[in-house]
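Novice: Contents of data_14.txt (compact mmCIF, C-alpha atoms) are below:
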# COMPACT_ATOMS: atom_id res chain seq x y z
CA MET F 1445 -354.41 -171.98 -267.13
CA SER F 1446 -352.33 -172.74 -264.08
CA GLU F 1447 -349.91 -170.40 -262.46
CA GLN F 1448 -347.06 -172.57 -263.62
CA GLU F 1449 -348.23 -172.46 -267.10
CA VAL F 1450 -348.75 -168.69 -267.03
CA PHE F 1451 -345.47 -168.03 -265.15
CA PRO F 1452 -343.25 -170.97 -265.99
CA GLY F 1453 -340.07 -169.41 -264.39
CA ARG F 1454 -341.67 -168.67 -261.05
CA ARG F 1455 -341.53 -172.26 -259.79
CA GLU F 1456 -337.94 -172.55 -260.84
CA ASN F 1457 -337.04 -169.38 -259.00
CA ARG F 1458 -338.75 -170.66 -255.86
CA ALA F 1459 -336.71 -173.87 -255.94
CA ILE F 1460 -333.54 -171.85 -256.24
CA ARG F 1461 -334.52 -169.74 -253.27
CA ASP F 1462 -335.32 -172.85 -251.23
CA ARG F 1463 -331.87 -174.28 -251.92
CA LYS F 1464 -330.16 -171.03 -250.92
CA ARG F 1465 -332.21 -170.94 -247.71
CA LYS F 1466 -331.14 -174.48 -246.85
CA ARG F 1467 -327.49 -173.61 -247.54
CA LYS F 1468 -327.66 -170.64 -245.14
CA ILE F 1469 -329.24 -172.81 -242.47
CA THR F 1470 -326.48 -175.40 -242.90
CA ILE F 1471 -323.74 -172.76 -242.66
CA GLY F 1472 -325.42 -171.24 -239.65
CA VAL F 1473 -325.65 -174.57 -237.89
CA ALA F 1474 -321.98 -175.30 -238.60
CA ALA F 1475 -320.95 -171.89 -237.34
CA GLY F 1476 -322.99 -172.43 -234.22
CA VAL F 1477 -321.23 -175.72 -233.55
CA ILE F 1478 -317.82 -174.08 -233.94
CA VAL F 1479 -318.85 -171.25 -231.63
CA ALA F 1480 -320.10 -173.75 -229.11
CA LEU F 1481 -316.82 -175.67 -229.22
CA LEU F 1482 -314.43 -172.74 -229.11
CA GLY F 1483 -316.42 -170.19 -227.18
CA GLY F 1484 -317.60 -166.76 -227.97
CA GLY F 1485 -315.45 -164.62 -230.17
CA ALA F 1486 -314.34 -167.59 -232.30
CA THR F 1487 -317.21 -167.18 -234.78
CA VAL F 1488 -315.34 -164.74 -236.99
CA TRP F 1489 -312.31 -166.90 -237.67
CA ALA F 1490 -314.41 -170.11 -237.78
CA VAL F 1491 -316.74 -168.74 -240.37
CA SER F 1492 -314.04 -166.89 -242.25
CA ASN F 1493 -311.81 -170.01 -242.34
CA GLN F 1494 -308.85 -168.22 -240.58
CA PRO F 1495 -306.18 -170.49 -238.89
CA ALA F 1496 -306.66 -171.11 -235.18
CA PRO F 1497 -304.40 -169.04 -232.90
CA GLU F 1498 -301.46 -170.89 -231.33
CA ILE F 1499 -302.01 -171.78 -227.70
CA ALA F 1500 -298.85 -171.32 -225.63
CA PRO F 1501 -297.86 -174.49 -223.79
CA ALA F 1502 -298.28 -174.38 -220.07
CA LYS F 1503 -295.10 -173.32 -218.27
CA PRO F 1504 -293.60 -176.15 -216.23
CA LYS F 1505 -293.69 -175.66 -212.52
CA PRO F 1506 -290.24 -174.71 -211.20
CA LYS F 1507 -288.54 -177.55 -209.40
CA PRO F 1508 -288.01 -176.83 -205.74
CA THR F 1509 -284.41 -176.06 -204.83
CA PRO F 1510 -283.11 -179.02 -202.82
CA THR F 1511 -282.09 -178.19 -199.29
CA PRO F 1512 -278.41 -179.07 -198.85
CA GLU F 1513 -277.68 -181.71 -196.28
CA PRO F 1514 -275.98 -180.20 -193.23
CA THR F 1515 -272.26 -180.96 -193.08
CA PRO F 1516 -271.61 -183.01 -189.98
CA THR F 1517 -269.23 -181.39 -187.55
CA PRO F 1518 -266.21 -183.65 -187.10
CA GLU F 1519 -265.57 -184.87 -183.62
CA PRO F 1520 -262.63 -183.05 -182.06
CA VAL F 1521 -259.50 -185.16 -181.82
CA ILE F 1522 -258.38 -185.28 -178.24
CA GLU F 1523 -254.73 -186.11 -177.90
CA PRO F 1524 -253.95 -188.26 -174.90
CA ALA F 1525 -252.14 -186.38 -172.19
CA PRO F 1526 -248.52 -187.39 -171.75
CA PRO F 1527 -247.92 -189.55 -168.70
CA VAL F 1528 -246.96 -187.74 -165.55
CA TYR F 1529 -244.20 -189.28 -163.46
CA ASP F 1530 -243.46 -188.55 -159.84
CA VAL F 1531 -239.85 -187.41 -159.76
CA ASP F 1532 -239.84 -186.06 -156.19
CA THR F 1533 -241.30 -188.64 -153.83
CA PRO F 1534 -238.44 -190.83 -152.54
CA SER F 1535 -240.51 -194.01 -152.77
CA SER F 1536 -241.49 -193.35 -156.41
CA ILE F 1537 -239.99 -195.69 -159.02
CA SER F 1538 -239.44 -192.60 -161.20
CA VAL F 1539 -237.78 -190.44 -158.52
CA VAL F 1540 -234.82 -188.48 -159.91
CA VAL F 1541 -231.74 -188.09 -157.74
CA ASN F 1542 -228.65 -186.36 -159.06
CA LYS F 1543 -226.06 -183.74 -158.11
CA GLN F 1544 -228.74 -181.02 -158.13
CA ARG F 1545 -231.60 -183.04 -156.64
CA SER F 1546 -231.42 -184.74 -153.25
CA LEU F 1547 -233.72 -187.12 -151.47
CA ASN F 1548 -236.14 -185.55 -149.02
CA PRO F 1549 -235.69 -186.32 -146.19
CA ILE F 1550 -231.97 -186.61 -146.78
CA ASP F 1551 -231.67 -189.86 -144.81
CA TRP F 1552 -234.71 -191.52 -146.40
CA ALA F 1553 -234.57 -195.33 -146.54
CA PRO F 1554 -236.90 -197.74 -148.40
CA ASP F 1555 -238.97 -200.19 -146.36
CA ASP F 1556 -239.22 -202.99 -148.95
CA LEU F 1557 -235.58 -204.08 -149.33
CA VAL F 1558 -234.88 -207.67 -150.35
CA THR F 1559 -231.73 -209.45 -151.47
CA PRO F 1560 -231.91 -210.66 -155.10
CA GLU F 1561 -231.92 -214.44 -155.20
CA GLY F 1562 -229.63 -216.55 -157.35
CA ILE F 1563 -227.31 -213.70 -158.37
CA PRO F 1564 -223.67 -213.47 -157.26
CA ASN F 1565 -223.48 -210.47 -154.91
CA VAL F 1566 -220.08 -209.23 -153.64
CA TRP F 1567 -221.37 -207.40 -150.56
CA GLY F 1568 -224.81 -209.00 -150.30
CA HIS F 1569 -226.49 -205.65 -150.95
CA PRO F 1570 -230.30 -205.64 -151.17
CA LEU F 1571 -232.56 -203.74 -153.58
CA ARG F 1572 -236.17 -202.62 -153.43
CA ALA F 1573 -238.51 -205.54 -154.02
CA GLU F 1574 -239.66 -204.51 -157.51
CA ALA F 1575 -236.13 -203.76 -158.69
CA SER F 1576 -234.86 -207.01 -157.19
CA ALA F 1577 -237.49 -209.13 -158.97
CA ALA F 1578 -236.72 -207.42 -162.29
CA LEU F 1579 -232.97 -207.96 -161.79
CA GLN F 1580 -233.52 -211.67 -161.21
CA GLN F 1581 -235.38 -211.90 -164.54
CA MET F 1582 -232.59 -209.98 -166.28
CA TYR F 1583 -229.96 -212.26 -164.74
CA GLN F 1584 -231.77 -215.34 -166.06
CA ALA F 1585 -231.95 -213.85 -169.57
CA ALA F 1586 -228.27 -212.83 -169.45
CA SER F 1587 -227.26 -216.28 -168.28
CA ASP F 1588 -229.25 -217.85 -171.14
CA ALA F 1589 -227.33 -215.54 -173.50
CA GLY F 1590 -224.02 -216.70 -172.01
CA VAL F 1591 -223.23 -213.43 -170.18
CA PRO F 1592 -224.16 -213.82 -166.48
CA PHE F 1593 -223.23 -210.91 -164.22
CA THR F 1594 -222.30 -210.19 -160.61
CA ILE F 1595 -223.62 -207.46 -158.30
CA THR F 1596 -220.88 -205.17 -157.05
CA SER F 1597 -223.10 -202.74 -155.18
CA GLY F 1598 -226.82 -202.26 -154.56
CA TYR F 1599 -228.57 -200.30 -151.83
CA ARG F 1600 -226.37 -197.98 -149.80
CA ASP F 1601 -227.92 -195.94 -147.03
CA TYR F 1602 -227.16 -192.29 -146.26
CA TRP F 1603 -224.43 -193.08 -143.73
CA LEU F 1604 -222.58 -195.56 -145.90
CA GLN F 1605 -222.62 -193.08 -148.78
CA LYS F 1606 -221.31 -190.37 -146.45
CA ASP F 1607 -218.40 -192.58 -145.41
CA ILE F 1608 -217.51 -193.32 -149.06
CA TYR F 1609 -217.69 -189.67 -150.09
CA ASP F 1610 -215.78 -188.35 -147.09
CA GLY F 1611 -213.05 -190.93 -147.72
CA LEU F 1612 -212.59 -189.74 -151.31
CA VAL F 1613 -212.53 -186.10 -150.16
CA ALA F 1614 -209.77 -187.01 -147.72
CA GLN F 1615 -207.92 -188.80 -150.48
CA GLY F 1616 -208.06 -186.19 -153.24
CA GLY F 1617 -210.24 -183.24 -152.24
CA VAL F 1618 -213.83 -182.21 -152.96
CA GLU F 1619 -213.33 -181.73 -156.70
CA PHE F 1620 -211.80 -185.17 -156.98
CA ALA F 1621 -214.62 -186.79 -154.97
CA ASP F 1622 -217.36 -185.02 -156.95
CA GLN F 1623 -216.15 -186.36 -160.30
CA ASP F 1624 -217.38 -189.90 -159.78
CA THR F 1625 -219.08 -190.13 -156.41
CA ALA F 1626 -222.40 -188.80 -155.20
CA ARG F 1627 -222.70 -186.88 -152.00
CA PRO F 1628 -224.90 -188.42 -149.30
CA SER F 1629 -228.64 -187.97 -150.08
CA HIS F 1630 -227.72 -187.40 -153.77
CA SER F 1631 -226.89 -191.02 -154.57
CA GLU F 1632 -229.18 -193.27 -156.61
CA HIS F 1633 -227.91 -196.18 -154.52
CA GLN F 1634 -229.77 -194.68 -151.55
CA THR F 1635 -233.06 -195.13 -153.42
CA GLY F 1636 -232.58 -198.92 -153.54
CA LEU F 1637 -233.15 -198.76 -157.32
CA ALA F 1638 -229.53 -198.66 -158.55
CA VAL F 1639 -227.08 -201.51 -159.00
CA ASP F 1640 -223.47 -201.82 -160.16
CA LEU F 1641 -222.68 -204.92 -162.25
CA PHE F 1642 -219.73 -206.64 -163.86
CA GLY F 1643 -219.18 -209.85 -165.83
CA ALA F 1644 -216.78 -212.75 -166.12
CA GLU F 1645 -214.55 -210.67 -168.40
CA GLY F 1646 -213.46 -208.44 -165.50
CA CYS F 1647 -213.31 -204.63 -165.90
CA GLN F 1648 -215.08 -204.17 -162.58
CA LEU F 1649 -216.03 -200.51 -162.06
CA SER F 1650 -214.00 -199.59 -165.16
CA ALA F 1651 -214.94 -197.97 -168.49
CA CYS F 1652 -213.65 -201.08 -170.30
CA PHE F 1653 -216.70 -202.97 -169.00
CA GLY F 1654 -218.72 -201.24 -171.70
CA GLU F 1655 -216.75 -203.10 -174.36
CA THR F 1656 -217.19 -206.57 -172.86
CA ALA F 1657 -219.85 -209.02 -174.04
CA THR F 1658 -221.65 -208.66 -170.70
CA GLY F 1659 -221.54 -204.86 -170.78
CA ILE F 1660 -222.83 -204.73 -174.37
CA TRP F 1661 -225.64 -207.19 -173.67
CA LEU F 1662 -226.76 -205.22 -170.60
CA ARG F 1663 -226.65 -201.91 -172.47
CA ASP F 1664 -228.79 -203.30 -175.30
CA ASN F 1665 -231.28 -205.41 -173.32
CA ALA F 1666 -231.68 -203.94 -169.84
CA TYR F 1667 -234.68 -201.79 -170.91
CA GLN F 1668 -236.77 -204.95 -171.40
CA PHE F 1669 -236.54 -205.50 -167.65
CA GLY F 1670 -237.06 -201.86 -166.62
CA TYR F 1671 -233.39 -200.90 -166.23
CA ILE F 1672 -231.43 -198.16 -168.00
CA LEU F 1673 -227.72 -197.48 -168.30
CA ARG F 1674 -227.69 -194.30 -166.27
CA TYR F 1675 -224.41 -192.56 -167.12
CA HIS F 1676 -223.55 -192.80 -170.81
CA ASP F 1677 -220.27 -191.79 -172.40
CA GLY F 1678 -220.15 -188.07 -173.22
CA GLU F 1679 -223.22 -187.12 -171.15
CA GLN F 1680 -221.43 -185.71 -168.10
CA ALA F 1681 -222.76 -182.18 -168.72
CA ILE F 1682 -226.30 -183.50 -168.22
CA VAL F 1683 -225.96 -186.31 -165.67
CA GLY F 1684 -222.99 -184.91 -163.74
CA TYR F 1685 -220.88 -188.07 -163.82
CA THR F 1686 -218.28 -189.55 -166.12
CA TYR F 1687 -219.05 -192.67 -168.13
CA GLU F 1688 -220.11 -195.59 -165.89
CA PRO F 1689 -221.10 -198.58 -168.06
CA TRP F 1690 -221.60 -200.67 -164.92
CA HIS F 1691 -224.24 -198.46 -163.24
CA PHE F 1692 -227.85 -199.44 -164.01
CA ARG F 1693 -230.95 -197.80 -162.60
CA TYR F 1694 -234.40 -199.36 -162.33
CA VAL F 1695 -237.15 -197.04 -163.63
CA GLY F 1696 -239.78 -199.59 -164.66
CA VAL F 1697 -240.48 -201.11 -168.05
CA GLU F 1698 -242.69 -198.23 -169.23
CA ILE F 1699 -240.06 -195.51 -168.87
CA ALA F 1700 -237.14 -197.73 -169.88
CA THR F 1701 -238.91 -198.86 -173.06
CA ALA F 1702 -240.00 -195.31 -173.95
CA MET F 1703 -236.42 -194.07 -173.57
CA HIS F 1704 -235.13 -196.93 -175.70
CA ASP F 1705 -237.72 -196.33 -178.44
CA GLN F 1706 -236.99 -192.58 -178.47
CA ASP F 1707 -233.20 -193.05 -178.40
CA GLU F 1708 -233.15 -191.03 -175.20
CA LEU F 1709 -230.03 -191.55 -173.09
CA ASN F 1710 -230.71 -189.44 -170.00
CA LEU F 1711 -233.45 -189.53 -167.42
CA GLU F 1712 -233.22 -185.77 -166.96
CA THR F 1713 -233.97 -184.89 -170.58
CA PHE F 1714 -236.61 -187.60 -170.92
CA LEU F 1715 -238.51 -186.24 -167.93
CA GLY F 1716 -237.93 -182.58 -168.84
CA LEU F 1717 -235.64 -181.80 -165.93
CA PRO F 1718 -232.65 -179.43 -166.03
CA PRO F 1719 -229.14 -180.82 -166.42
CA ALA F 1720 -227.26 -181.74 -163.26
CA PRO F 1721 -223.60 -180.90 -163.78
CA THR F 1722 -220.98 -181.30 -161.10
CA ASN F 1723 -221.55 -178.99 -158.13
Would you kindly transcribe this structure into structure tokens?
Specialist:
Amino acid sequence: MSEQEVFPGRRENRAIRDRKRKRKITIGVAAGVIVALLGGGATVWAVSNQPAPEIAPAKPKPKPTPTPEPTPTPEPVIEPAPPVYDVDTPSSISVVVNKQRSLNPIDWAPDDLVTPEGIPNVWGHPLRAEASAALQQMYQAASDAGVPFTITSGYRDYWLQKDIYDGLVAQGGVEFADQDTARPSHSEHQTGLAVDLFGAEGCQLSACFGETATGIWLRDNAYQFGYILRYHDGEQAIVGYTYEPWHFRYVGVEIATAMHDQDELNLETFLGLPPAPTN
């Protein structure tokens, strides 16, 4: 008899063992693959069917802190220096002569005197060339406005001014003379830059000239030609003289316009000089 016939269950048992052996091999191969994929130490959870551990996401790299742009340093604002005017040199257009300031030398005389052309002139007095040219332009504008004027007095030298002053002293004393007349070397007429004017309405060398059409036009427009009304009403404590609406002084268009725009009446205060009251 064959072994199968004698032991009929032996073959069946062998087949069962073969199947179990194959199952172990399969499980082993699978476990090996898992170990190979996940590395050593993963066999336990792979074989035991445990969930895979969570892998923390990679931390993002910190963004670099931006470097702030440097704040540009503003350019310093440089204020233009105020103009400087020569108030001492006798030949300067901006020279200041008053009861406290004399010409130096005392008998100084300009060397560019000319007689203004086309303007009625009582004594034929000249002026300095620049002042004369400006006066001619002003006369043309005044004539076009219907208010032509006449020259009463222009340049007066030291000796003529001395004669005028001494005559008034003889007439009424020093205090009387000093009210309205400059002493020699203290007169703007000696600079060749001052002129006395009057119009067809009369009021020659009188306060009423300021109320005439000619006087008003000159007061309001002279600055355009470089002239200023020198002795305003109520300013005697600064300029030293009573109101003289006929007395105009050439200072140039720059100064005359600046004084007009700043509502400045007096050359002393405009130029930062002390008042010049009566001696």
Novice: One decimal, Å: what's the distance from atom CA of Tyr1687 of chain F over to atom CA of Arg1674 of chain F, could you say?
Specialist: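 For atom CA of Tyr1687 of chain F relative to atom CA of Arg1674 of chain F, the distance reads 9.0 Å.
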Novice: As JSON, please report the centre and edge lengths, rounded to one decimal in Å, of the axis-aligned box that holds all listed atoms of segment 1688-1696 of chain F with 5 Å of padding on each of the six sides.
Specialist:
{"center_x": -229.9, "center_y": -198.1, "center_z": -165.2, "size_x": 29.7, "size_y": 15.1, "size_z": 15.7}
Novice: Which residue is closest to Leu1579 of chain F? Choose from F:Gly1616, F:Pro1516, F:Gly1670, F:Pro1526 and count only C-alpha atoms.
Specialist: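 Smallest separation from Leu1579 of chain F among the options: F:Gly1670.
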Novice: Excluding same-chain residues fewer than 5 positions from Asp1624 of chain F, what lies within 10 Å of it counting all atoms listed in the file, as a PyMOL selection string?
Specialist: chain F and resi 1609+1612+1619+1684-1688+1722
Novice: Rounded to one decimal, what separation in Å do you get between atom CA of Tyr1583 of chain F and atom CA of Leu1715 of chain F?
Specialist: 27.6 Å
Novice: Would you pick out the contacts of segment 1562-1577 of chain F at 9 Å or less, using all atoms listed in the file, so that residues sharing its chain but fewer than 6 positions from it are not included, and give the list as a list in words?
Specialist: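 These residues fall inside the cut-off: Ile1537, Pro1554, Asp1555, Asp1556, Tyr1583, Pro1592, Phe1593, Thr1594, Ile1595, Thr1596, Ser1597, Gly1598, Tyr1599, Arg1600, His1633, Thr1635, Gly1636, Leu1637, Ala1638, Val1639, Gly1670, Tyr1671, Arg1693, Tyr1694, Val1695 and Gly1696 of chain F.
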Novice: Which one is closest to Gly1716 of chain F: F:Ile1682, F:Phe1620, F:Leu1673, F:Glu1655? Count all atoms listed in the file.
Specialist: F:Ile1682
Novice: Counting all atoms listed in the file, which of F:Gln1668, F:Ser1535, F:Val1541, F:Glu1519 gets nearest to His1630 of chain F?
Specialist: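 Nearest to His1630 of chain F: F:Val1541.
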Novice: In Å to one decimal, how far is atom CA of Asn1710 of chain F from atom CA of Gly1678 of chain F?
Specialist: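 Spanning atom CA of Gly1678 of chain F to atom CA of Asn1710 of chain F is a straight-line distance of 11.1 Å.
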Novice: Here is a test: counting all atoms listed in the file, which residue of F:Ser1538, F:Thr1658, F:Gln1544, F:Thr1701 is nearest to Gly1590 of chain F?
Specialist: F:Thr1658
Novice: Determine the nearest neighbour of Arg1627 of chain F from the options F:Ile1522, F:Val1539, F:Leu1547, F:Val1697, counting all atoms listed in the file.
Specialist: F:Leu1547
Novice: Nearest to Gln1680 of chain F among F:Ile1660, F:Pro1512, F:Thr1559, F:Leu1709, with distances taken over all atoms listed in the file: which residue is it?
Specialist: F:Leu1709
